Amino acid sequence: MTIRSAEVLVSSPGRNFVTLRITTDDGVVGLGDATVNGRELAVAAYLTEHVLPLLIGRDEAMIEDAWQFLYRSAYWRRGPITMAAIAAVDVALWDIKAKVAGLPLYQLLGGASRTGCLAYGHASGTDLDALCVSIQNHLDQGFKAIRIQTGVPGLGQIYGVAGDQRPGQRYDYEPAKRLPKPAEELWDTRAYLRHVPGVFAAVREKFGPELVLLHDGHHRMTPNQAGSLGKSLEPYDLFWLEDCTPGENQEGMRRVRSQTTTPLAIGEVFNTVYDYQTLITEQLIDYVRSAVTHTGGITALRKLMDFAAIYQIKSGFHGPTDISPVGQAAQLHLGLAIHNFGIQEYMKHSEETLQVFRTSYTFENGLLHPGNNPGLGVDYDDDLAAGFEYTPAYLPTARLLDGTVHDW
Ligand code: EZ4
Ligand code: CO
């Protein structure tokens, strides 16, 4: 068979998504996710202008060859836009291969290594009481692992904390509320560092020692501040502290690692294995945060995870709602199959999103499972998608109290 057509589908069912659909001359359809939150049309153009014309007529079964060709023939290497475009092609071709085989994709990746993928949800509250309500909601939904974020006294709205505390309101669909420019938030790292350990103490006191707790620092600390926070959180037994400092300075993580035994997770903004080279070989992290969508697809992330396995580093794939259900399904198949699976981030998509993307993955007793339909197990409804037009939407941006732009 060969690739007959490929289309880039941009839609906004609840939030913006870029989806690639590849169809073979036999009519087999594969889907890939190419969504880069806040920069969606850059990937759409990269695919439409520079990748799609190269796909038509290729043998869709030659996935490794397609990956190497798209990575090496571009001359320009790496970067989030390129790697998301390659990921979309890669995942769509894996979807096709598994459908042709009549198997769920995880079977082609070696089969299931576990009954399901431990998932963590996002609890948040502007204050401790609201946070505890949010944690209880997650426990009621069956979550066994929960990320907790709270407001900081003296600061207003902070990313990762629901602004609207009424039941059913969520912060994650369109954090910038579809403004033409990113919303600005105030940030003060010292105030944050003073506040967070007390929150963990109170949550441990109320919910007990067994609950798996995580926290995201969103790149806002220096390595020294991160080491200090990690140390002060040790009594509360975190599953991980995520993005405690910008990870692109890989050597900076040596400083953090030498200060604390709190497990560390990094990499949701990385796009290749090279971003992790020092972090992995020096065992400076415990979990790889990459998403299939932003790291060149299943082909690349599986190799990255095999490299990490040698150093006892596990997966913790990025799974916010800006990873489409196609991207989430792909990493559930990979997570189910690899030996060094750690945990999977899981924020349920909005009803609109799940109308357009029909999924077959399940969430039960705290575990996600990709389902047993052939391929990825996700279908895309064009008619419904047509009702949700793309609208620019940005993540918020952070400034220090004196107006200085800070790390996001
Ligand atoms: O801010 O998905 O761990 N999860 C996160 C996410 C990211 C957004 C960025 O697109 O940090 O909520
Ligand atoms: Co994060």
# chains A, B, ... in the order shown; residues from 1 in each chain; ligands from 1

$ residues_near_ligand --ligand "ligand 2" --cutoff "8 Å" --atoms "only C-alpha atoms and all ligand atoms" --output "list in words"
Asp216, Gly217, His218, Glu242, Asp243, Glu268 and His318 of chain A

$ residues_near_ligand --ligand "ligand 1" --cutoff "9 Å" --atoms "only C-alpha atoms and all ligand atoms" --output "list in words"
Val36, Asn37, Gly38, His122, Arg147, Tyr159, Gly160, Asp172, His215, Asp216, Gly217, His218, Glu242, Asp243, Glu268, Val269, Arg289, His318, Gly319, Pro320, Thr321, Asp322, Ile323, Glu345, Leu395 and Trp408 of chain A

$ write_last_selection --atoms "C-alpha atoms" --output "JSON list (two decimals), in the first residue's frame"
[["chain", "number", "residue", "atom", "x", "y", "z"],
["A", 36, "VAL", "CA", 1.53, 22.86, 20.13],
["A", 37, "ASN", "CA", -0.46, 24.92, 22.64],
["A", 38, "GLY", "CA", -0.56, 28.60, 21.63],
["A", 122, "HIS", "CA", -4.91, 17.98, 38.89],
["A", 147, "ARG", "CA", -1.04, 16.83, 41.67],
["A", 159, "TYR", "CA", -1.28, 29.24, 36.48],
["A", 160, "GLY", "CA", -2.34, 25.74, 37.48],
["A", 172, "ASP", "CA", -7.45, 23.95, 31.99],
["A", 215, "HIS", "CA", 3.62, 19.11, 42.52],
["A", 216, "ASP", "CA", 4.57, 21.26, 39.49],
["A", 217, "GLY", "CA", 7.01, 24.17, 39.89],
["A", 218, "HIS", "CA", 6.47, 25.37, 36.28],
["A", 242, "GLU", "CA", 8.10, 18.66, 38.44],
["A", 243, "ASP", "CA", 9.90, 21.38, 36.45],
["A", 268, "GLU", "CA", 7.37, 18.60, 29.04],
["A", 269, "VAL", "CA", 8.89, 21.38, 26.91],
["A", 289, "ARG", "CA", 7.90, 14.30, 31.19],
["A", 318, "HIS", "CA", 2.77, 15.03, 29.77],
["A", 319, "GLY", "CA", -1.01, 14.69, 29.51],
["A", 320, "PRO", "CA", -2.81, 18.03, 29.85],
["A", 321, "THR", "CA", -5.89, 18.77, 27.74],
["A", 322, "ASP", "CA", -3.79, 20.45, 25.03],
["A", 323, "ILE", "CA", -2.48, 16.98, 24.16],
["A", 345, "GLU", "CA", -0.87, 12.71, 33.70],
["A", 395, "LEU", "CA", -1.12, 30.51, 27.90],
["A", 408, "TRP", "CA", 6.60, 30.87, 32.45]]

$ atom_distance --atom1 "CA of Val28 in chain A" --atom2 "CA of Ile96 in chain A"
6.4 Å

$ select_by_dssp --residues "range 20-188 of chain A" --states "strand (DSSP E)" --output "VMD selection string"
chain A and resid 20 to 24 29 to 33 117 to 125 145 to 150 184 to 187

$ write_last_selection --atoms "C-alpha atoms" --output "CSV table (one decimal), in the first residue's frame"
chain,number,residue,atom,x,y,z
A,20,LEU,CA,-3.1,14.9,11.0
A,21,ARG,CA,-5.1,12.3,9.0
A,22,ILE,CA,-3.3,10.0,6.6
A,23,THR,CA,-5.3,7.7,4.3
A,24,THR,CA,-3.8,4.8,2.3
A,29,VAL,CA,-7.0,5.9,8.0
A,30,GLY,CA,-4.4,6.9,10.6
A,31,LEU,CA,-4.5,9.9,13.0
A,32,GLY,CA,-1.7,11.9,14.6
A,33,ASP,CA,-1.7,14.8,17.1
A,117,CYS,CA,-1.4,3.0,33.6
A,118,LEU,CA,-1.5,4.7,36.9
A,119,ALA,CA,-3.0,8.2,36.3
A,120,TYR,CA,-2.7,11.4,38.2
A,121,GLY,CA,-5.2,14.3,38.1
A,122,HIS,CA,-4.9,18.0,38.9
A,123,ALA,CA,-6.4,19.2,42.2
A,124,SER,CA,-6.1,22.9,42.9
A,125,GLY,CA,-7.6,25.7,45.1
A,145,ALA,CA,-2.5,10.0,42.5
A,146,ILE,CA,-3.1,13.7,42.6
A,147,ARG,CA,-1.0,16.8,41.7
A,148,ILE,CA,-1.7,19.7,44.1
A,149,GLN,CA,-1.3,23.4,43.4
A,150,THR,CA,-2.6,26.3,45.5
A,184,GLU,CA,-0.4,38.5,32.7
A,185,GLU,CA,0.0,37.0,36.2
A,186,LEU,CA,2.1,38.2,39.1
A,187,TRP,CA,4.8,36.0,40.6

$ residues_around --residues "Gly375 in chain A" --least-positions-apart "2" --cutoff "10 Å" --atoms "only C-alpha atoms" --output "VMD selection string"
chain A and resid 29 to 31 91 to 108 329 to 330 333 370 to 373 377 to 378

$ residues_around --residues "Glu251 in chain A" --least-positions-apart "3" --cutoff "12 Å" --atoms "only C-alpha atoms" --output "JSON, numbers by chain"
{"A": [223, 245, 246, 247, 248, 254, 255, 256, 257, 258, 275, 276, 277, 278, 279, 280, 281, 282, 283, 284, 285]}

$ residues_around --residues "range 46-59 of chain A" --least-positions-apart "4" --cutoff "10 Å" --atoms "only C-alpha atoms" --output "PyMOL selection string"
chain A and resi 1-8+20+22-25+34+41-42+63+65-66+69-70+74+81-82+84-86+88-89+93

$ atom_distance --atom1 "CA of Tyr236 in chain A" --atom2 "CA of Pro209 in chain A"
8.1 Å
